[in-house]
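Containing mmCIF, C-alpha atoms: start-v6.cif.
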data_entry
loop_
_atom_site.label_atom_id
_atom_site.label_comp_id
_atom_site.auth_asym_id
_atom_site.auth_seq_id
_atom_site.Cartn_x
_atom_site.Cartn_y
_atom_site.Cartn_z
CA MET A 225 51.49 130.98 85.01
CA ASN A 226 52.97 134.44 84.59
CA THR A 227 56.19 135.58 86.26
CA GLN A 228 54.56 137.36 89.19
CA ASP A 229 52.35 134.37 89.94
CA LEU A 230 55.37 132.09 89.81
CA ILE A 231 57.30 134.34 92.19
CA THR A 232 54.49 134.52 94.75
CA SER A 233 53.69 130.82 94.43
CA GLY A 234 56.71 129.91 96.58
CA ILE A 235 58.02 127.50 93.94
CA PRO A 236 61.34 129.41 93.60
CA GLU A 237 61.89 129.13 97.37
CA SER A 238 61.08 125.42 97.37
CA TYR A 239 63.42 125.01 94.38
CA LEU A 240 66.34 126.62 96.20
CA LEU A 241 65.69 124.63 99.37
CA GLY A 242 65.49 121.32 97.50
CA LEU A 243 61.80 120.82 98.21
CA ALA A 244 60.49 121.20 94.67
CA SER A 245 59.11 118.28 92.64
CA PRO A 246 60.83 117.40 89.34
CA GLU A 247 58.03 119.17 87.43
CA GLU A 248 58.48 122.33 89.50
CA GLN A 249 62.26 122.18 89.03
CA GLU A 250 61.75 121.86 85.29
CA LEU A 251 59.32 124.80 85.31
CA VAL A 252 61.74 127.09 87.18
CA GLN A 253 64.71 126.13 85.03
CA GLN A 254 62.70 126.63 81.83
CA LYS A 255 61.29 129.99 82.92
CA MET A 256 64.67 131.26 84.07
CA LEU A 257 66.17 130.74 80.63
CA ASP A 258 63.78 133.10 78.87
CA ASN A 259 62.70 135.37 81.70
CA PRO A 260 65.27 137.89 82.98
CA GLU A 261 62.88 139.11 85.68
CA LEU A 262 62.64 135.65 87.19
CA ALA A 263 66.40 135.15 86.83
CA ALA A 264 67.01 138.40 88.72
CA TYR A 265 64.51 137.38 91.39
CA MET A 266 66.21 134.01 91.80
CA ALA A 267 69.63 135.65 92.16
CA ASN A 268 68.23 138.01 94.79
CA LEU A 269 66.43 135.19 96.58
CA GLU A 270 69.58 133.09 96.55
CA ASN A 271 71.51 135.88 98.27
CA HIS A 272 68.77 136.23 100.81
CA VAL A 273 68.61 132.49 101.53
CA LEU A 274 72.40 132.44 101.94
CA SER A 275 72.37 135.39 104.32
CA TYR A 276 69.62 133.69 106.33
CA PHE A 277 71.66 130.49 106.71
CA ASP A 278 74.92 132.39 107.20
CA ALA A 279 73.32 134.15 110.16
CA ASN A 280 72.76 130.72 111.74
CA ALA A 281 76.23 129.36 110.91
CA VAL A 282 78.14 127.55 113.66
CA SER A 283 81.88 126.88 113.48
CA PRO A 284 82.53 123.13 113.71
CA PRO A 285 85.44 121.77 115.82
CA GLN A 286 88.87 121.76 114.17
CA ASP A 287 89.04 117.94 114.29
CA VAL A 288 86.18 117.67 111.83
CA ARG A 289 88.25 119.47 109.20
CA GLU A 290 91.04 116.92 109.64
CA ILE A 291 88.59 114.05 109.15
CA VAL A 292 87.15 115.65 106.02
CA HIS A 293 90.69 116.14 104.74
CA LEU A 294 91.59 112.48 105.38
CA ARG A 295 88.36 111.19 103.85
CA SER A 296 88.75 113.30 100.73
CA ARG A 297 92.37 112.16 100.31
CA LYS A 298 91.28 108.54 100.75
CA GLY A 299 88.56 109.02 98.14
CA ASN A 300 91.05 110.50 95.69
CA SER A 301 93.56 107.68 96.12
CA GLN A 302 90.84 105.07 95.57
CA LYS A 303 89.83 106.76 92.36
CA ARG A 304 93.40 106.71 91.04
CA LYS A 305 93.74 102.92 91.35
CA HIS A 306 94.71 101.01 88.23
CA VAL A 307 95.27 103.94 85.92
CA PHE A 308 97.24 102.94 82.85
CA ASN A 309 98.62 105.45 80.40
CA ARG A 310 98.98 103.53 77.18
CA ILE A 311 101.55 104.67 74.63
CA PRO A 312 100.13 105.10 71.09
CA LYS A 313 100.12 101.92 68.95
CA GLN A 314 102.56 103.04 66.27
CA GLU A 315 105.37 103.55 68.77
CA ASN A 316 104.75 100.14 70.34
CA TYR A 317 105.30 98.24 67.11
CA SER A 318 108.59 100.02 66.49
CA LYS A 319 109.92 99.13 69.94
CA GLY A 320 108.99 95.46 70.04
CA PRO A 321 106.15 93.05 70.87
CA TYR A 322 105.53 94.37 74.41
CA LEU A 323 103.17 97.14 75.40
CA GLU A 324 104.82 99.79 77.51
CA VAL A 325 102.46 100.89 80.22
CA GLU A 326 103.05 103.35 83.00
CA VAL A 327 101.45 102.07 86.17
CA SER A 328 100.67 104.66 88.80
CA ASP A 329 99.68 102.38 91.67
CA THR A 330 101.36 100.06 94.17
CA TYR A 331 100.04 96.78 92.72
CA ILE A 332 101.82 94.33 90.41
CA LYS A 333 100.25 91.94 87.95
CA VAL A 334 101.54 88.39 87.34
CA HIS A 335 100.66 85.70 84.80
CA LYS A 336 97.72 83.48 85.71
CA TYR A 337 99.98 80.35 85.69
CA TRP A 338 101.70 81.71 88.77
CA ARG A 339 98.71 80.60 90.84
CA PRO A 340 98.91 76.81 90.07
CA ALA A 341 102.70 77.04 90.23
CA PHE A 342 102.53 78.62 93.67
CA ILE A 343 99.97 76.03 94.87
CA THR A 344 102.14 73.18 93.54
CA VAL A 345 105.25 74.53 95.26
CA PHE A 346 103.29 75.01 98.47
CA ILE A 347 101.94 71.41 98.44
CA LEU A 348 105.35 69.95 97.56
CA SER A 349 106.98 71.89 100.40
CA LYS A 350 104.44 70.42 102.83
CA ILE A 351 105.06 66.87 101.48
CA PHE A 352 108.84 67.26 101.82
CA LEU A 353 108.44 68.68 105.31
CA ILE A 354 106.29 65.74 106.42
CA ALA A 355 108.65 63.24 104.72
CA GLY A 356 111.66 64.89 106.35
CA LEU A 357 110.09 64.68 109.81
CA TYR A 358 109.03 61.05 109.20
CA PHE A 359 112.53 59.91 108.18
CA TYR A 360 114.14 61.92 110.96
CA PHE A 361 112.07 60.20 113.64
CA LYS A 362 112.47 56.83 111.90
CA SER A 363 116.27 57.11 111.80
CA SER A 364 116.44 58.24 115.42
CA SER A 365 114.32 55.23 116.52
CA GLN A 366 116.55 52.94 114.45
CA GLU A 367 119.61 54.41 116.13
CA GLN A 368 118.08 53.69 119.51
CA GLU A 369 117.22 50.14 118.39
CA LEU A 370 120.80 49.65 117.14
CA PHE A 371 122.21 50.94 120.40
CA ARG A 372 119.92 48.59 122.34
CA LEU A 373 120.98 45.59 120.25
CA LYS A 374 124.67 46.46 120.64
CA SER A 375 124.28 46.65 124.41
CA GLN A 376 122.48 43.23 124.40
CA ILE A 377 125.33 41.65 122.39
CA GLN A 378 127.88 43.03 124.80
CA GLN A 379 125.93 41.61 127.75
CA ILE A 380 125.79 38.16 126.06
CA LYS A 381 129.54 38.25 125.47
CA MET B 191 66.58 110.19 92.25
CA ASN B 192 66.98 113.70 93.65
CA GLU B 193 68.15 116.81 91.88
CA LEU B 194 71.72 116.50 93.08
CA GLU B 195 71.97 112.91 91.89
CA GLN B 196 70.59 113.87 88.48
CA ILE B 197 73.25 116.54 88.08
CA ASN B 198 75.89 114.19 89.42
CA ARG B 199 75.28 111.72 86.59
CA ASN B 200 76.43 114.31 84.09
CA THR B 201 79.40 115.49 86.07
CA ASP B 202 83.04 114.69 85.40
CA GLN B 203 84.07 112.26 88.11
CA SER B 204 87.60 113.58 88.46
CA PHE B 205 86.81 117.04 89.82
CA LEU B 206 88.43 116.22 93.13
CA ASN B 207 91.77 116.49 91.40
CA SER B 208 90.96 120.21 91.42
CA PRO B 209 91.09 121.47 87.88
CA ALA B 210 90.94 125.23 87.51
CA GLY B 211 87.64 126.77 88.55
CA LYS B 212 86.42 123.80 90.58
CA LEU B 213 86.59 123.55 94.33
CA THR B 214 87.92 120.56 96.22
CA SER B 215 85.91 119.16 99.10
CA LEU B 216 88.32 120.75 101.59
CA GLU B 217 88.04 124.15 99.95
CA MET B 218 84.25 123.80 100.04
CA TYR B 219 84.48 122.84 103.70
CA ASP B 220 86.60 125.88 104.54
CA LYS B 221 84.13 128.13 102.79
CA TYR B 222 80.78 126.62 103.73
CA GLY B 223 81.51 124.25 106.63
CA ALA B 224 80.16 126.60 109.30
CA MET B 225 76.97 127.26 107.37
CA ALA B 226 76.43 123.55 106.73
CA TYR B 227 77.09 122.75 110.40
CA GLY B 228 74.56 125.37 111.44
CA ILE B 229 71.93 123.85 109.15
CA ILE B 230 72.66 120.33 110.36
CA LEU B 231 72.44 121.43 114.00
CA GLN B 232 69.03 122.93 113.31
CA ILE B 233 67.86 119.52 112.11
CA LEU B 234 69.97 117.29 114.39
CA PRO B 235 70.68 119.12 117.68
CA GLN B 236 73.09 116.42 118.96
CA PRO B 237 76.62 117.79 118.23
CA HIS B 238 78.33 114.41 117.82
CA LEU B 239 75.72 113.24 115.28
CA ALA B 240 75.78 116.61 113.55
CA GLN B 241 79.56 116.36 113.17
CA GLU B 242 79.26 112.89 111.64
CA VAL B 243 76.71 114.20 109.17
CA LEU B 244 78.96 117.18 108.39
CA VAL B 245 81.83 114.85 107.54
CA SER B 246 79.55 112.73 105.36
CA VAL B 247 78.38 115.86 103.51
CA PHE B 248 81.89 116.98 102.63
CA SER B 249 83.15 113.50 101.77
CA SER B 250 80.06 112.62 99.75
CA PRO B 251 80.45 111.89 96.02
CA LEU B 252 77.32 114.00 95.54
CA LEU B 253 79.44 117.02 96.37
CA GLN B 254 80.81 116.74 92.85
CA SER B 255 77.47 117.86 91.51
CA CYS B 256 77.93 121.26 93.18
CA ASN B 257 80.61 122.10 90.61
CA SER B 258 78.08 121.91 87.80
CA TYR B 259 75.18 123.32 89.77
CA PRO B 260 73.23 126.18 88.12
CA PHE B 261 73.38 128.24 91.32
CA THR B 262 76.22 128.86 93.76
CA PHE B 263 78.02 126.14 95.67
CA ALA B 264 76.36 127.36 98.83
CA VAL B 265 72.83 126.58 97.65
CA CYS B 266 73.95 123.12 96.58
CA ILE B 267 75.56 122.54 99.97
CA ILE B 268 72.43 123.75 101.78
CA LYS B 269 70.42 121.09 99.93
CA LEU B 270 73.00 118.38 100.51
CA ALA B 271 73.41 119.20 104.21
CA ARG B 272 69.66 119.21 104.74
CA ALA B 273 69.20 115.95 102.84
CA LYS B 274 71.92 114.17 104.85
CA ALA B 275 70.73 115.57 108.18
CA VAL B 276 67.12 114.63 107.50
CA GLU B 277 68.21 111.13 106.48
CA ALA B 278 70.19 110.74 109.73
CA LYS B 279 67.29 112.15 111.75
CA ARG B 280 64.90 109.61 110.20
CA LYS B 281 67.27 106.75 110.96
CA LEU B 282 67.59 107.97 114.53
CA ALA B 283 63.82 108.32 114.90
CA ALA B 284 63.30 104.82 113.51
CA VAL B 285 65.42 103.24 116.28
CA SER B 286 64.50 105.53 119.17
CA SER B 287 60.88 106.65 119.12
CA PRO B 288 57.86 106.94 116.79
CA PRO B 289 57.54 110.20 114.81
CA LEU B 290 55.76 113.04 116.52
CA ASP B 291 52.18 113.80 115.58
CA ILE B 292 52.28 117.38 114.45
CA ARG B 293 48.60 117.91 113.69
CA SER B 294 47.54 121.32 114.82
CA ASP B 295 44.84 123.85 114.24
CA ALA B 296 44.87 126.36 111.42
CA ALA B 297 45.83 129.25 113.71
CA GLU B 298 49.28 127.68 114.22
CA ASN B 299 49.99 127.27 110.53
CA SER B 300 52.38 130.18 110.45
CA PRO B 301 55.07 130.50 107.74
CA GLN B 302 57.66 129.90 110.46
CA GLN B 303 56.04 126.61 111.47
CA ILE B 304 55.61 125.49 107.88
CA PHE B 305 59.25 126.30 107.12
CA ASP B 306 60.22 124.38 110.25
CA LEU B 307 58.25 121.31 109.17
CA ALA B 308 59.38 121.39 105.57
CA PHE B 309 63.03 122.27 106.05
CA ARG B 310 64.02 121.24 109.56
CA GLN B 311 61.71 118.28 110.14
CA GLY B 312 62.27 116.91 106.63
CA PHE B 313 58.65 116.64 105.47
CA SER B 314 57.82 117.13 101.80
CA PRO B 315 55.39 119.96 100.93
CA GLU B 316 52.72 117.31 100.26
CA GLU B 317 53.23 115.76 103.70
CA VAL B 318 53.13 119.16 105.41
CA ALA B 319 49.91 120.00 103.56
CA GLU B 320 48.35 116.72 104.65
CA LYS B 321 49.42 117.10 108.27
CA LEU B 322 48.20 120.68 108.56
CA ASN B 323 45.05 120.12 106.49
CA ILE B 324 45.96 122.76 103.96
CA SER B 325 46.74 122.59 100.24
CA LYS B 326 50.23 122.19 98.80
CA PRO B 327 50.13 125.65 97.09
CA GLU B 328 49.43 127.15 100.51
CA VAL B 329 52.50 125.41 101.90
CA LEU B 330 54.65 126.79 99.09
CA ARG B 331 53.19 130.28 99.48
CA SER B 332 54.06 130.10 103.17
CA LEU B 333 57.69 129.47 102.22
CA HIS B 334 57.57 132.58 100.08
CA ALA B 335 55.98 134.51 102.96
CA PHE B 336 58.62 133.22 105.37
CA PHE B 337 61.54 134.53 103.33
CA LYS B 338 59.65 137.72 102.45
CA SER B 339 59.03 138.51 106.12
CA ASN B 340 62.69 137.76 106.92
CA ARG B 341 63.81 140.02 104.10
CA ASP B 342 61.52 142.84 105.20
CA ALA B 343 62.45 142.49 108.88
#

Would it be possible to restate this file's structure as structure tokens?
Amino acid sequence: MNTQDLITSGIPESYLLGLASPEEQELVQQKMLDNPELAAYMANLENHVLSYFDANAVSPPQDVREIVHLRSRKGNSQKRKHVFNRIPKQENYSKGPYLEVEVSDTYIKVHKYWRPAFITVFILSKIFLIAGLYFYFKSSSQEQELFRLKSQIQQIK
Amino acid sequence: MNELEQINRNTDQSFLNSPAGKLTSLEMYDKYGAMAYGIILQILPQPHLAQEVLVSVFSSPLLQSCNSYPFTFAVCIIKLARAKAVEAKRKLAAVSSPPLDIRSDAAENSPQQIFDLAFRQGFSPEEVAEKLNISKPEVLRSLHAFFKSNRDA
């Protein structure tokens, strides 16, 4: 296919509009590299396509810009999660056995043994709470029983 | 995988941090937001849906690919806006009503109508050719004729 045939075939237009098949995309890209005429046509066509769509442009509401701004900021912050800047190895050995890392997020990391330790403390606190309540109610009932017995003794006397 | 996704695979993921020469999504929005909104409204006439699609275009990770696109940002955004709007239109059509039958006689196969089917309705050139009972090269030539007639007008 010569350059003129390619230009009139409509493949460049379909390429710019995103309608071209992978083979057609490959063909246009390949031809553009070694064909200045086609490259110039594509540049001209691109300007024309842009002016066509610019003529139909509609200004969106201002709120949409705010939402785009928020979404893009959110996307950026998610990408920055858990970024560690490790100091080169040689410096680490001279300063001691620990790796110095600079953490640029709001999370902390703890040793894995903290999990069973936390669970153990949690269970023990529940046991002590239940035991405390049990002995509290037991002692109060014993006090009542003692008071009742004292009053009975006094009545007998 | 579409063209934008192919380019996106080879693109540095951290462009949103705005190194020199690359546009952030907000800068792209300021520059091409109105054009993209116009394109989306042509495909999806409902303003509230069009605005949702517009936000999804400019917060899409595929927008990264526009920084390494062989043409201008604008062409890349045209493709992305169309792709997102057509996707939303198809989802909407799937839940609301069956797709329209657009079979018509050869006299109505004008470049304008073919451009409308291919770009605004979201049909591939093969689908347009099948629906209008013409060949795919004729569909592509009609796209050429459409822009040529616009340029000459």

Contact residues (chain A, partner chain B, 10 Å, all atoms listed in the file) as a count of residues only: 53

Between CA of Tyr331 in chain A and CA of Thr344 in chain A - distance in Å to one decimal: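 CA of Tyr331 in chain A lies 23.7 Å from CA of Thr344 in chain A.
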
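Going from CA of Ile304 in chain B over to CA of Ser325 in chain B, you cover 12.1 Å.
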
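The gap separating CA of Glu250 in chain A from CA of Asn268 in chain A is 19.8 Å, in Å to one decimal.
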